[in-house]
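Structure record follows, encoded as structure tokens.
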Amino acid sequence: MKQDTKIIHGYEMIDEYTGAASIPKFQASTFHQKDIFSNQKFVYSRFGNPTISAAENAVSCLENGDYGLAFSSGMAAISSVLLLLSAGEHIILCNDIYGGTYCIVRDFLKRFGIEVTFVDEENIDEWEEQIKENTKMIYIETPSNPLLKITDIKKIAQIAKNHDLLSICDNTFMTPYYQKPLDLGVDVVIHSATKFLNGHSDVVAGFVVTNNKELEKKIRLQQINLGGILGVEDAWLLMRGLKTLSVRMEKSEKSARAIAKYLSSHPKVKKVYHPSLAEHKGKKIQENQADGYGSVLSFELMSQRQVVQLFNSLRYPLVAVSLGGVESIVSYPWSMSHGAMSPYEKEKRGVTESLVRFSVGIENLEDLILDLDQALNSIE
Ligand SMILES: Cc1ncc(COP(=O)(O)O)c(C=O)c1O
């Protein structure tokens, strides 16, 4: 079954009792137990709910995973996985990382006595060099947020296997439509489903997918006991959004490639970051491990003032935190996704005051380019 067919027919999406064309919303917190000693599948919605289970099966199926777990946000998914670590253990993460993940690591893991090392994601040797006796996890995000750096997933997964470490990949930017980290050897895939999986900027959700039964058991306990479960309504909306993943991804990715090219030749743009560009360091790796380049790109103007002018002049994109919606979204990583980092940490990572992140939506490409053109030409 090809990927676009799988998105529609690869998992249970018809109600088995009524034939309804969408899984119903089982809007219940608890379930009547006919026999208190029987092992009923659903007893209380924090432990499991038919609508939420259907969403978990849908996302795990698309990732070629055996087990899916839904969370109330991408951050709930990430923290449930990171909190598998115990005091005295060590984790290695990529430098260019989503700001929220950076905050958990800095503000929570360190407080619990967990050692943290950030490495240059593009330098495979550095990952291996940083492994210590107490290292337990390796965490990647590729393409990275916001600089679209590419990490070689297969090589990282192999390093993790060689050293008996857990490998984790945040697959939010690519989605399983373009990239399947489990197939490349990673142990755990994480999603902010708030982004492309849902695709309509109306749900906050997260997922974890794995093929490892033991791991699933442990993360399920985190999900149940830390309590960051997905709501029923959001699970249903997520499944609704997911059905159009292939058409949304195809259209926005094609436009992103064209916009990256257009921006690269604009005199007001200092630098463009998108793995489709010939000069992108990770282009080859991206082509080996994914079927597309993704719909998010970043670019540098000359100053913060120019960013403000650009944002004020753009007609179509939302100026907002987030990405992956049907509508184009421009963000300012300096104060938004990476706002919690110190200026020093941001500069060190290349998140500058003149960096713009552009999540390309499914609007008409010519309209988007004309809009960018008028906005760029208006800045001083
Ligand atoms: C790559 C990535 N991972 C995780 C998250 C966190 O997801 P959420 O906002 O759904 O908690 C984000 C949010 O922007 C993200 O961009």
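We label chains A, B, ... in the order they appear in the structure tokens, count residues from 1 in each chain, and number ligands from 1 in the order shown.
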
Which chains and residue numbers are within 7 Å of ligand 1, counting only C-alpha atoms and all ligand atoms, if I want them as a CSV table (one decimal) with all heavy atoms, in the first residue's frame?
chain,number,residue,atom,x,y,z
A,73,SER,N,0.1,17.3,24.4
A,73,SER,CA,1.0,18.3,23.6
A,73,SER,C,2.2,17.6,23.2
A,73,SER,O,2.6,16.5,23.7
A,73,SER,CB,1.3,19.5,24.4
A,73,SER,OG,2.2,19.2,25.5
A,74,GLY,N,3.0,18.2,22.2
A,74,GLY,CA,4.3,17.7,21.9
A,74,GLY,C,5.2,17.7,23.1
A,74,GLY,O,5.9,16.7,23.4
A,75,MET,N,5.1,18.7,23.9
A,75,MET,CA,5.9,18.8,25.1
A,75,MET,C,5.6,17.7,26.1
A,75,MET,O,6.5,17.2,26.8
A,75,MET,CB,5.8,20.2,25.8
A,75,MET,CG,6.4,21.4,25.0
A,75,MET,SD,8.1,21.0,24.5
A,75,MET,CE,8.9,20.8,26.0
A,76,ALA,N,4.3,17.4,26.2
A,76,ALA,CA,3.9,16.3,27.2
A,76,ALA,C,4.6,15.0,26.7
A,76,ALA,O,5.0,14.2,27.5
A,76,ALA,CB,2.4,16.1,27.3
A,98,TYR,N,14.3,22.4,19.5
A,98,TYR,CA,13.2,23.2,19.8
A,98,TYR,C,13.3,23.8,21.2
A,98,TYR,O,13.8,23.1,22.2
A,98,TYR,CB,11.9,22.4,19.7
A,98,TYR,CG,10.7,23.1,20.3
A,98,TYR,CD1,10.3,24.3,19.7
A,98,TYR,CD2,10.0,22.6,21.4
A,98,TYR,CE1,9.2,25.0,20.2
A,98,TYR,CE2,8.9,23.3,21.9
A,98,TYR,CZ,8.5,24.4,21.3
A,98,TYR,OH,7.4,25.1,21.8
A,100,GLY,N,11.4,24.6,23.7
A,100,GLY,CA,10.7,23.9,24.8
A,100,GLY,C,11.5,22.7,25.3
A,100,GLY,O,11.6,22.5,26.5
A,101,THR,N,12.0,22.0,24.3
A,101,THR,CA,12.8,20.8,24.7
A,101,THR,C,14.1,21.3,25.5
A,101,THR,O,14.5,20.7,26.5
A,101,THR,CB,13.2,20.0,23.4
A,101,THR,OG1,12.0,19.8,22.6
A,101,THR,CG2,13.8,18.7,23.8
A,141,GLU,N,16.6,15.9,16.4
A,141,GLU,CA,15.5,16.6,15.7
A,141,GLU,C,16.0,16.8,14.3
A,141,GLU,O,17.0,17.6,14.2
A,141,GLU,CB,15.3,17.9,16.5
A,141,GLU,CG,13.9,18.3,16.7
A,141,GLU,CD,13.9,19.7,17.4
A,141,GLU,OE1,14.0,19.8,18.6
A,141,GLU,OE2,13.7,20.7,16.6
A,145,ASN,N,15.0,22.6,14.3
A,145,ASN,CA,14.2,23.8,14.5
A,145,ASN,C,15.1,24.9,15.2
A,145,ASN,O,15.5,24.7,16.3
A,145,ASN,CB,13.0,23.5,15.4
A,145,ASN,CG,12.0,24.6,15.5
A,145,ASN,OD1,12.2,25.7,15.0
A,145,ASN,ND2,11.0,24.3,16.3
A,170,ASP,N,12.7,13.5,17.1
A,170,ASP,CA,11.5,14.3,17.0
A,170,ASP,C,11.3,14.5,15.5
A,170,ASP,O,12.1,15.1,14.7
A,170,ASP,CB,11.8,15.7,17.6
A,170,ASP,CG,10.6,16.6,17.6
A,170,ASP,OD1,9.8,16.5,16.6
A,170,ASP,OD2,10.5,17.5,18.5
A,172,THR,N,8.7,15.9,14.0
A,172,THR,CA,7.6,16.9,13.7
A,172,THR,C,7.7,17.5,12.4
A,172,THR,O,6.6,17.7,11.7
A,172,THR,CB,7.7,18.0,14.8
A,172,THR,OG1,7.5,17.3,16.1
A,172,THR,CG2,6.6,19.1,14.6
A,173,PHE,N,8.8,18.0,11.9
A,173,PHE,CA,8.9,18.7,10.7
A,173,PHE,C,8.7,17.9,9.5
A,173,PHE,O,8.1,18.4,8.5
A,173,PHE,CB,10.4,19.3,10.6
A,173,PHE,CG,10.5,20.7,11.3
A,173,PHE,CD1,9.8,21.0,12.4
A,173,PHE,CD2,11.3,21.7,10.7
A,173,PHE,CE1,9.9,22.2,13.1
A,173,PHE,CE2,11.5,22.9,11.4
A,173,PHE,CZ,10.8,23.2,12.5
A,191,HIS,N,6.3,13.3,18.2
A,191,HIS,CA,5.7,14.3,17.3
A,191,HIS,C,5.0,15.4,18.2
A,191,HIS,O,4.4,15.1,19.1
A,191,HIS,CB,4.6,13.7,16.5
A,191,HIS,CG,5.0,13.1,15.2
A,191,HIS,ND1,5.4,13.8,14.2
A,191,HIS,CD2,5.2,11.8,14.9
A,191,HIS,CE1,5.8,13.0,13.2
A,191,HIS,NE2,5.7,11.8,13.6
A,192,SER,N,5.2,16.6,17.7
A,192,SER,CA,4.2,17.6,18.1
A,192,SER,C,3.2,17.5,17.0
A,192,SER,O,3.4,18.0,15.8
A,192,SER,CB,4.8,19.1,18.1
A,192,SER,OG,3.8,20.0,18.1
A,193,ALA,N,2.1,16.9,17.3
A,193,ALA,CA,1.0,16.7,16.3
A,193,ALA,C,0.2,18.0,16.1
A,193,ALA,O,-0.7,18.1,15.2
A,193,ALA,CB,0.1,15.5,16.7
A,194,THR,N,0.5,19.0,16.9
A,194,THR,CA,-0.1,20.3,16.8
A,194,THR,C,0.2,20.9,15.4
A,194,THR,O,-0.5,21.7,14.9
A,194,THR,CB,0.6,21.2,17.8
A,194,THR,OG1,0.7,20.5,19.1
A,194,THR,CG2,0.0,22.5,18.0
A,204,VAL,N,-3.8,21.1,19.9
A,204,VAL,CA,-2.5,20.9,20.5
A,204,VAL,C,-2.4,19.5,20.9
A,204,VAL,O,-3.3,19.0,21.7
A,204,VAL,CB,-2.2,21.8,21.7
A,204,VAL,CG1,-0.9,21.6,22.4
A,204,VAL,CG2,-2.3,23.3,21.3
A,205,ALA,N,-1.4,18.7,20.4
A,205,ALA,CA,-1.3,17.3,20.6
A,205,ALA,C,0.1,16.8,20.4
A,205,ALA,O,0.9,17.4,19.8
A,205,ALA,CB,-2.3,16.5,19.7
A,206,GLY,N,0.4,15.6,21.0
A,206,GLY,CA,1.7,15.0,20.9
A,206,GLY,C,1.6,13.5,20.8
A,206,GLY,O,0.6,12.9,21.2
A,322,SER,N,4.2,28.6,16.1
A,322,SER,CA,3.7,27.3,15.5
A,322,SER,C,4.0,27.3,14.0
A,322,SER,O,4.6,28.2,13.4
A,322,SER,CB,2.2,27.1,15.7
A,322,SER,OG,1.9,25.7,15.6
A,323,LEU,N,3.7,26.1,13.4
A,323,LEU,CA,4.0,25.8,12.1
A,323,LEU,C,3.1,24.6,11.6
A,323,LEU,O,2.4,24.1,12.5
A,323,LEU,CB,5.5,25.5,11.9
A,323,LEU,CG,6.0,24.4,12.8
A,323,LEU,CD1,6.1,23.0,12.1
A,323,LEU,CD2,7.4,24.7,13.4
A,337,SER,N,9.8,30.7,19.6
A,337,SER,CA,10.1,29.3,19.9
A,337,SER,C,11.4,29.2,20.8
A,337,SER,O,11.5,28.3,21.6
A,337,SER,CB,10.3,28.5,18.6
A,337,SER,OG,11.3,29.1,17.8

| task | Kindly indicate which residue among A:Gln304, A:Gln40, A:Gln289, A:Ser246 lies nearest to Ile8 in chain A, using only C-alpha atoms for the distances. | result | A:Ser246

| task | Quote the spacing between CA of Asn288 in chain A and CA of Ile150 in chain A in Å to one decimal place. | result | 11.1 Å

| task | Could you please determine the separation between CA of Phe108 in chain A and CA of Ala87 in chain A in Å, to one decimal place? | result | 11.3 Å

| field | 9 Å contact set for Ile156 in chain A, only C-alpha atoms, chain neighbours under 4 positions out, as a list in words | value |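 Near neighbours after the sequence-gap exclusion: Ile124, Trp127, Glu128, Ile138, Ile140, Thr151, Asp152, Ala160, Lys161, Ser167, Gly185 and Val186 of chain A.
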
Can you write just those residues out, all heavy atoms, as a tab-separated table (two decimals), in the first residue's frame?
chain	number	residue	atom	x	y	z
A	124	ILE	N	29.01	13.69	13.21
A	124	ILE	CA	28.71	12.37	13.77
A	124	ILE	C	29.75	11.95	14.82
A	124	ILE	O	29.41	11.38	15.85
A	124	ILE	CB	28.63	11.32	12.63
A	124	ILE	CG1	27.36	11.56	11.79
A	124	ILE	CG2	28.64	9.89	13.16
A	124	ILE	CD1	26.05	11.30	12.51
A	127	TRP	N	29.05	13.10	18.38
A	127	TRP	CA	28.05	12.33	19.14
A	127	TRP	C	28.76	11.18	19.86
A	127	TRP	O	28.56	10.97	21.05
A	127	TRP	CB	26.98	11.74	18.21
A	127	TRP	CG	26.01	12.73	17.65
A	127	TRP	CD1	26.13	13.40	16.47
A	127	TRP	CD2	24.77	13.17	18.24
A	127	TRP	NE1	25.04	14.23	16.29
A	127	TRP	CE2	24.18	14.09	17.36
A	127	TRP	CE3	24.09	12.86	19.43
A	127	TRP	CZ2	22.98	14.73	17.61
A	127	TRP	CZ3	22.88	13.49	19.68
A	127	TRP	CH2	22.34	14.41	18.79
A	128	GLU	N	29.58	10.45	19.11
A	128	GLU	CA	30.24	9.28	19.68
A	128	GLU	C	31.23	9.68	20.77
A	128	GLU	O	31.32	9.04	21.82
A	128	GLU	CB	30.92	8.46	18.57
A	128	GLU	CG	31.31	7.09	19.03
A	128	GLU	CD	31.05	6.00	17.99
A	128	GLU	OE1	31.08	6.32	16.79
A	128	GLU	OE2	30.82	4.85	18.41
A	138	ILE	N	20.12	9.28	23.36
A	138	ILE	CA	20.57	10.20	22.32
A	138	ILE	C	19.30	10.79	21.70
A	138	ILE	O	18.37	10.05	21.37
A	138	ILE	CB	21.39	9.44	21.26
A	138	ILE	CG1	22.75	9.05	21.83
A	138	ILE	CG2	21.55	10.27	20.02
A	138	ILE	CD1	23.74	8.60	20.78
A	140	ILE	N	17.60	13.39	18.83
A	140	ILE	CA	17.79	14.22	17.63
A	140	ILE	C	16.47	14.83	17.15
A	140	ILE	O	15.38	14.33	17.45
A	140	ILE	CB	18.45	13.43	16.46
A	140	ILE	CG1	17.57	12.23	16.03
A	140	ILE	CG2	19.84	12.96	16.85
A	140	ILE	CD1	18.09	11.51	14.79
A	151	THR	N	20.54	15.79	10.54
A	151	THR	CA	21.33	14.77	11.24
A	151	THR	C	21.13	13.44	10.52
A	151	THR	O	20.00	13.11	10.14
A	151	THR	CB	20.86	14.63	12.71
A	151	THR	OG1	20.87	15.92	13.31
A	151	THR	CG2	21.74	13.69	13.50
A	152	ASP	N	22.20	12.69	10.38
A	152	ASP	CA	22.11	11.39	9.71
A	152	ASP	C	21.46	10.38	10.67
A	152	ASP	O	22.10	9.90	11.62
A	152	ASP	CB	23.53	10.94	9.31
A	152	ASP	CG	23.49	9.74	8.39
A	152	ASP	OD1	22.67	8.84	8.61
A	152	ASP	OD2	24.30	9.72	7.44
A	160	ALA	N	23.84	4.54	18.68
A	160	ALA	CA	23.05	4.21	19.87
A	160	ALA	C	23.04	2.70	20.11
A	160	ALA	O	23.23	2.24	21.24
A	160	ALA	CB	21.63	4.75	19.71
A	161	LYS	N	22.84	1.93	19.05
A	161	LYS	CA	22.81	0.46	19.18
A	161	LYS	C	24.17	-0.06	19.68
A	161	LYS	O	24.22	-0.89	20.58
A	161	LYS	CB	22.47	-0.18	17.84
A	161	LYS	CG	20.98	-0.12	17.58
A	161	LYS	CD	20.47	-1.12	16.56
A	161	LYS	CE	18.96	-1.10	16.57
A	161	LYS	NZ	18.36	0.23	16.39
A	167	SER	N	17.68	5.66	21.35
A	167	SER	CA	17.73	6.76	20.38
A	167	SER	C	16.32	7.31	20.16
A	167	SER	O	15.35	6.55	20.01
A	167	SER	CB	18.33	6.29	19.06
A	167	SER	OG	17.65	5.16	18.59
A	185	GLY	N	16.09	2.79	12.15
A	185	GLY	CA	16.74	2.18	13.30
A	185	GLY	C	16.58	2.89	14.63
A	185	GLY	O	17.11	2.44	15.64
A	186	VAL	N	15.83	4.01	14.62
A	186	VAL	CA	15.63	4.76	15.86
A	186	VAL	C	14.64	4.00	16.78
A	186	VAL	O	13.77	3.30	16.31
A	186	VAL	CB	15.10	6.18	15.49
A	186	VAL	CG1	14.35	6.82	16.62
A	186	VAL	CG2	16.25	7.05	15.01

| Distance criterion (only C-alpha atoms): nearest to Glu287 in chain A out of A:Cys103, A:Ile153, A:Leu147, A:Ala256 |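 So, comparing all the options, the nearest one is A:Ile153.
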
| request: Excluding Ser298 in chain A and residues on its chain fewer than 4 positions from it, collect all residues at most 8 Å away from it, counting only C-alpha atoms, and give them as JSON, numbers by chain. | output: {"A": [146, 147, 148, 272, 273, 274, 355, 356, 357, 358]}

| message | Among range 188-353 of chain A, which ones does DSSP assign to strand (DSSP E) (computed from the backbone)? Answer as a PyMOL selection string. | response | chain A and resi 188-192+206-210+271-273+296-300+318-319+329-331

As a CSV table (one decimal) with N, CA and C atoms, in the first residue's frame, please: the residues near Lys270 in chain A (cut-off 9 Å, only C-alpha atoms, same-chain neighbours under 6 positions excluded).
chain,number,residue,atom,x,y,z
A,264,SER,N,16.5,32.9,-2.0
A,264,SER,CA,17.9,32.8,-2.2
A,264,SER,C,18.4,33.9,-3.2
A,299,PHE,N,15.1,32.1,7.0
A,299,PHE,CA,16.0,33.0,6.3
A,299,PHE,C,16.4,34.2,7.2
A,300,GLU,N,17.5,34.8,6.8
A,300,GLU,CA,18.1,35.9,7.6
A,300,GLU,C,17.9,37.2,6.8
A,301,LEU,N,17.4,38.2,7.5
A,301,LEU,CA,17.4,39.5,6.9
A,301,LEU,C,18.7,40.2,7.5
A,302,MET,N,18.7,41.6,7.5
A,302,MET,CA,19.9,42.3,7.9
A,302,MET,C,19.8,42.7,9.4

| task | One decimal, Å: what's the distance from CA of Lys132 in chain A over to CA of Leu85 in chain A, could you say? | result |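 These atoms are spaced 14.8 Å apart.
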
| said: Need to verify the contact set: Glu345 in chain A, 12 Å, only C-alpha atoms, exclusion of same-chain residues closer than 5 positions in sequence. Can you return it as an MDAnalysis selection string? | reply: chainID A and resid 95:97 99 102:103 106 118 334 338:340 350:352

Please dump the current selection as a JSON list (two decimals), in the first residue's frame; keep C-alpha atoms.
[["chain", "number", "residue", "atom", "x", "y", "z"],
["A", 95, "ASN", "CA", 22.44, 21.74, 19.55],
["A", 96, "ASP", "CA", 19.76, 23.15, 17.29],
["A", 97, "ILE", "CA", 16.71, 22.06, 19.21],
["A", 99, "GLY", "CA", 13.20, 25.84, 22.63],
["A", 102, "TYR", "CA", 15.85, 22.89, 25.64],
["A", 103, "CYS", "CA", 13.93, 24.30, 28.62],
["A", 106, "ARG", "CA", 17.90, 22.88, 31.33],
["A", 118, "PHE", "CA", 24.59, 19.29, 23.48],
["A", 334, "TRP", "CA", 14.38, 34.95, 18.73],
["A", 338, "HIS", "CA", 13.54, 30.12, 21.38],
["A", 339, "GLY", "CA", 12.52, 33.07, 23.57],
["A", 340, "ALA", "CA", 13.37, 31.20, 26.76],
["A", 350, "GLY", "CA", 22.77, 30.68, 15.10],
["A", 351, "VAL", "CA", 19.32, 31.85, 16.20],
["A", 352, "THR", "CA", 19.90, 35.51, 15.47]]

I'd like the neighbourhood of range 17-31 of chain A as a PDB file with N, CA and C atoms, in the first residue's frame, where a residue qualifies if any of its atoms comes within 8 Å (using only C-alpha atoms), though same-chain residues fewer than 2 positions away should be ignored.
ATOM      1  N   MET A  13     -10.563   3.331  10.541  1.00  0.00           N
ATOM      2  CA  MET A  13     -11.163   4.670  10.541  1.00  0.00           C
ATOM      3  C   MET A  13     -12.678   4.627  10.306  1.00  0.00           C
ATOM      4  N   ILE A  14     -13.226   3.399  10.341  1.00  0.00           N
ATOM      5  CA  ILE A  14     -14.685   3.251  10.225  1.00  0.00           C
ATOM      6  C   ILE A  14     -15.169   2.620  11.528  1.00  0.00           C
ATOM      7  N   ASP A  15     -16.258   3.147  12.068  1.00  0.00           N
ATOM      8  CA  ASP A  15     -16.774   2.612  13.331  1.00  0.00           C
ATOM      9  C   ASP A  15     -17.328   1.203  13.100  1.00  0.00           C
ATOM     10  N   GLN A  33     -18.538  -0.853  34.492  1.00  0.00           N
ATOM     11  CA  GLN A  33     -17.911  -2.179  34.537  1.00  0.00           C
ATOM     12  C   GLN A  33     -18.963  -3.210  34.921  1.00  0.00           C
ATOM     13  N   PHE A  42     -11.533  -0.803  28.366  1.00  0.00           N
ATOM     14  CA  PHE A  42     -11.574   0.609  28.741  1.00  0.00           C
ATOM     15  C   PHE A  42     -12.269   0.773  30.084  1.00  0.00           C
ATOM     16  N   VAL A  43     -11.588   1.401  31.040  1.00  0.00           N
ATOM     17  CA  VAL A  43     -12.181   1.582  32.368  1.00  0.00           C
ATOM     18  C   VAL A  43     -12.222   3.046  32.792  1.00  0.00           C
ATOM     19  N   TYR A  44     -11.247   3.823  32.340  1.00  0.00           N
ATOM     20  CA  TYR A  44     -11.145   5.222  32.766  1.00  0.00           C
ATOM     21  C   TYR A  44     -10.304   5.920  31.706  1.00  0.00           C
ATOM     22  N   SER A  45     -10.712   7.094  31.235  1.00  0.00           N
ATOM     23  CA  SER A  45     -10.099   7.647  30.024  1.00  0.00           C
ATOM     24  C   SER A  45      -8.638   8.046  30.168  1.00  0.00           C
ATOM     25  N   ARG A  46      -8.164   8.268  31.389  1.00  0.00           N
ATOM     26  CA  ARG A  46      -6.726   8.522  31.525  1.00  0.00           C
ATOM     27  C   ARG A  46      -5.915   7.252  31.234  1.00  0.00           C
ATOM     28  N   ASN A  49      -8.992   5.218  26.043  1.00  0.00           N
ATOM     29  CA  ASN A  49     -10.308   5.627  25.555  1.00  0.00           C
ATOM     30  C   ASN A  49     -10.367   5.223  24.079  1.00  0.00           C
ATOM     31  N   PRO A  50     -11.522   4.715  23.589  1.00  0.00           N
ATOM     32  CA  PRO A  50     -11.553   4.193  22.209  1.00  0.00           C
ATOM     33  C   PRO A  50     -11.178   5.230  21.150  1.00  0.00           C
ATOM     34  N   THR A  51     -11.577   6.493  21.325  1.00  0.00           N
ATOM     35  CA  THR A  51     -11.249   7.514  20.317  1.00  0.00           C
ATOM     36  C   THR A  51      -9.751   7.805  20.353  1.00  0.00           C
ATOM     37  N   ALA A  54      -7.809   4.992  18.851  1.00  0.00           N
ATOM     38  CA  ALA A  54      -7.870   5.007  17.376  1.00  0.00           C
ATOM     39  C   ALA A  54      -6.837   5.995  16.827  1.00  0.00           C
ATOM     40  N   VAL A 232     -10.494  13.760  24.170  1.00  0.00           N
ATOM     41  CA  VAL A 232     -11.241  12.990  23.170  1.00  0.00           C
ATOM     42  C   VAL A 232     -11.521  13.836  21.919  1.00  0.00           C
ATOM     43  N   GLU A 233     -11.992  15.046  22.135  1.00  0.00           N
ATOM     44  CA  GLU A 233     -12.317  15.933  21.011  1.00  0.00           C
ATOM     45  C   GLU A 233     -11.075  16.170  20.143  1.00  0.00           C
ATOM     46  N   TRP A 236     -10.132  13.181  18.042  1.00  0.00           N
ATOM     47  CA  TRP A 236     -11.018  13.085  16.869  1.00  0.00           C
ATOM     48  C   TRP A 236     -10.613  14.105  15.801  1.00  0.00           C
TER      49      TRP A 236
END

| task | For each of A:Val326, A:Met137, A:Leu376, A:Leu93, take the minimum atom-to-atom distance to Leu197 in chain A, counting only C-alpha atoms, then give the residue where this is smallest. | result |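 Distance minimum relative to Leu197 in chain A lands on A:Val326.
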
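Shortest atom-to-atom contact with Lys281 in chain A among A:Glu129, A:Glu122, A:Glu366, A:Glu216: A:Glu122, counting only C-alpha atoms.
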
| query | Restricting the calculation to only C-alpha atoms, which member of A:Gly241, A:Gly324, A:Gly113, A:Gly68 is positioned closest to Ile52 in chain A? | reply |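 Among the listed residues, the smallest separation from Ile52 in chain A belongs to A:Gly68.
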
| said: Could you pull out the alpha helix (DSSP H) residues of range 266-335 of chain A, going by DSSP on the backbone, and write them as an MDAnalysis selection string? | reply: chainID A and resid 283:289 304:313

Residues just named, written with N, CA, C and O atoms as a PDB file, in the first residue's frame:
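Done, and the output landed in part.pdb:
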ATOM      1  N   LYS A 283      21.947  18.363   2.384  1.00  0.00           N
ATOM      2  CA  LYS A 283      21.036  17.992   1.275  1.00  0.00           C
ATOM      3  C   LYS A 283      21.116  16.489   0.928  1.00  0.00           C
ATOM      4  O   LYS A 283      20.089  15.822   0.826  1.00  0.00           O
ATOM      5  N   LYS A 284      22.302  15.986   0.783  1.00  0.00           N
ATOM      6  CA  LYS A 284      22.502  14.572   0.366  1.00  0.00           C
ATOM      7  C   LYS A 284      21.919  13.618   1.412  1.00  0.00           C
ATOM      8  O   LYS A 284      21.244  12.654   1.082  1.00  0.00           O
ATOM      9  N   ILE A 285      22.226  13.934   2.675  1.00  0.00           N
ATOM     10  CA  ILE A 285      21.724  13.062   3.753  1.00  0.00           C
ATOM     11  C   ILE A 285      20.196  13.099   3.751  1.00  0.00           C
ATOM     12  O   ILE A 285      19.528  12.073   3.859  1.00  0.00           O
ATOM     13  N   GLN A 286      19.657  14.313   3.595  1.00  0.00           N
ATOM     14  CA  GLN A 286      18.203  14.458   3.567  1.00  0.00           C
ATOM     15  C   GLN A 286      17.607  13.592   2.451  1.00  0.00           C
ATOM     16  O   GLN A 286      16.609  12.901   2.643  1.00  0.00           O
ATOM     17  N   GLU A 287      18.241  13.629   1.281  1.00  0.00           N
ATOM     18  CA  GLU A 287      17.722  12.866   0.146  1.00  0.00           C
ATOM     19  C   GLU A 287      17.825  11.361   0.390  1.00  0.00           C
ATOM     20  O   GLU A 287      17.000  10.598  -0.094  1.00  0.00           O
ATOM     21  N   ASN A 288      18.823  10.942   1.169  1.00  0.00           N
ATOM     22  CA  ASN A 288      18.963   9.513   1.477  1.00  0.00           C
ATOM     23  C   ASN A 288      17.945   9.030   2.502  1.00  0.00           C
ATOM     24  O   ASN A 288      17.532   7.876   2.467  1.00  0.00           O
ATOM     25  N   GLN A 289      17.577   9.892   3.429  1.00  0.00           N
ATOM     26  CA  GLN A 289      16.753   9.409   4.544  1.00  0.00           C
ATOM     27  C   GLN A 289      15.293   9.868   4.500  1.00  0.00           C
ATOM     28  O   GLN A 289      14.493   9.421   5.301  1.00  0.00           O
ATOM     29  N   GLN A 304      16.811  43.183  13.088  1.00  0.00           N
ATOM     30  CA  GLN A 304      15.517  42.945  13.731  1.00  0.00           C
ATOM     31  C   GLN A 304      14.464  43.911  13.172  1.00  0.00           C
ATOM     32  O   GLN A 304      13.301  43.553  12.982  1.00  0.00           O
ATOM     33  N   ARG A 305      14.909  45.142  12.907  1.00  0.00           N
ATOM     34  CA  ARG A 305      14.000  46.166  12.380  1.00  0.00           C
ATOM     35  C   ARG A 305      13.389  45.705  11.050  1.00  0.00           C
ATOM     36  O   ARG A 305      12.192  45.866  10.791  1.00  0.00           O
ATOM     37  N   GLN A 306      14.213  45.096  10.233  1.00  0.00           N
ATOM     38  CA  GLN A 306      13.716  44.595   8.945  1.00  0.00           C
ATOM     39  C   GLN A 306      12.697  43.464   9.135  1.00  0.00           C
ATOM     40  O   GLN A 306      11.741  43.356   8.383  1.00  0.00           O
ATOM     41  N   VAL A 307      12.933  42.644  10.164  1.00  0.00           N
ATOM     42  CA  VAL A 307      11.983  41.555  10.435  1.00  0.00           C
ATOM     43  C   VAL A 307      10.618  42.157  10.788  1.00  0.00           C
ATOM     44  O   VAL A 307       9.577  41.732  10.275  1.00  0.00           O
ATOM     45  N   VAL A 308      10.640  43.188  11.631  1.00  0.00           N
ATOM     46  CA  VAL A 308       9.385  43.838  12.046  1.00  0.00           C
ATOM     47  C   VAL A 308       8.687  44.433  10.808  1.00  0.00           C
ATOM     48  O   VAL A 308       7.478  44.267  10.608  1.00  0.00           O
ATOM     49  N   GLN A 309       9.482  45.082   9.971  1.00  0.00           N
ATOM     50  CA  GLN A 309       8.902  45.685   8.761  1.00  0.00           C
ATOM     51  C   GLN A 309       8.295  44.611   7.858  1.00  0.00           C
ATOM     52  O   GLN A 309       7.196  44.776   7.329  1.00  0.00           O
ATOM     53  N   LEU A 310       9.007  43.512   7.721  1.00  0.00           N
ATOM     54  CA  LEU A 310       8.511  42.418   6.873  1.00  0.00           C
ATOM     55  C   LEU A 310       7.185  41.880   7.421  1.00  0.00           C
ATOM     56  O   LEU A 310       6.193  41.738   6.692  1.00  0.00           O
ATOM     57  N   PHE A 311       7.170  41.594   8.717  1.00  0.00           N
ATOM     58  CA  PHE A 311       5.979  41.021   9.333  1.00  0.00           C
ATOM     59  C   PHE A 311       4.789  41.982   9.199  1.00  0.00           C
ATOM     60  O   PHE A 311       3.657  41.562   8.991  1.00  0.00           O
ATOM     61  N   ASN A 312       5.073  43.285   9.318  1.00  0.00           N
ATOM     62  CA  ASN A 312       3.984  44.267   9.208  1.00  0.00           C
ATOM     63  C   ASN A 312       3.457  44.378   7.779  1.00  0.00           C
ATOM     64  O   ASN A 312       2.325  44.808   7.568  1.00  0.00           O
ATOM     65  N   SER A 313       4.272  43.995   6.815  1.00  0.00           N
ATOM     66  CA  SER A 313       3.858  44.173   5.418  1.00  0.00           C
ATOM     67  C   SER A 313       3.239  42.934   4.792  1.00  0.00           C
ATOM     68  O   SER A 313       2.547  43.023   3.783  1.00  0.00           O
TER      69      SER A 313
END

| Given only C-alpha atoms as the counted atoms, nearest of A:Val208, A:Leu165, A:Leu226, A:Leu82 to Asp66 in chain A |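 For Asp66 in chain A, the nearest of the candidates is A:Val208.
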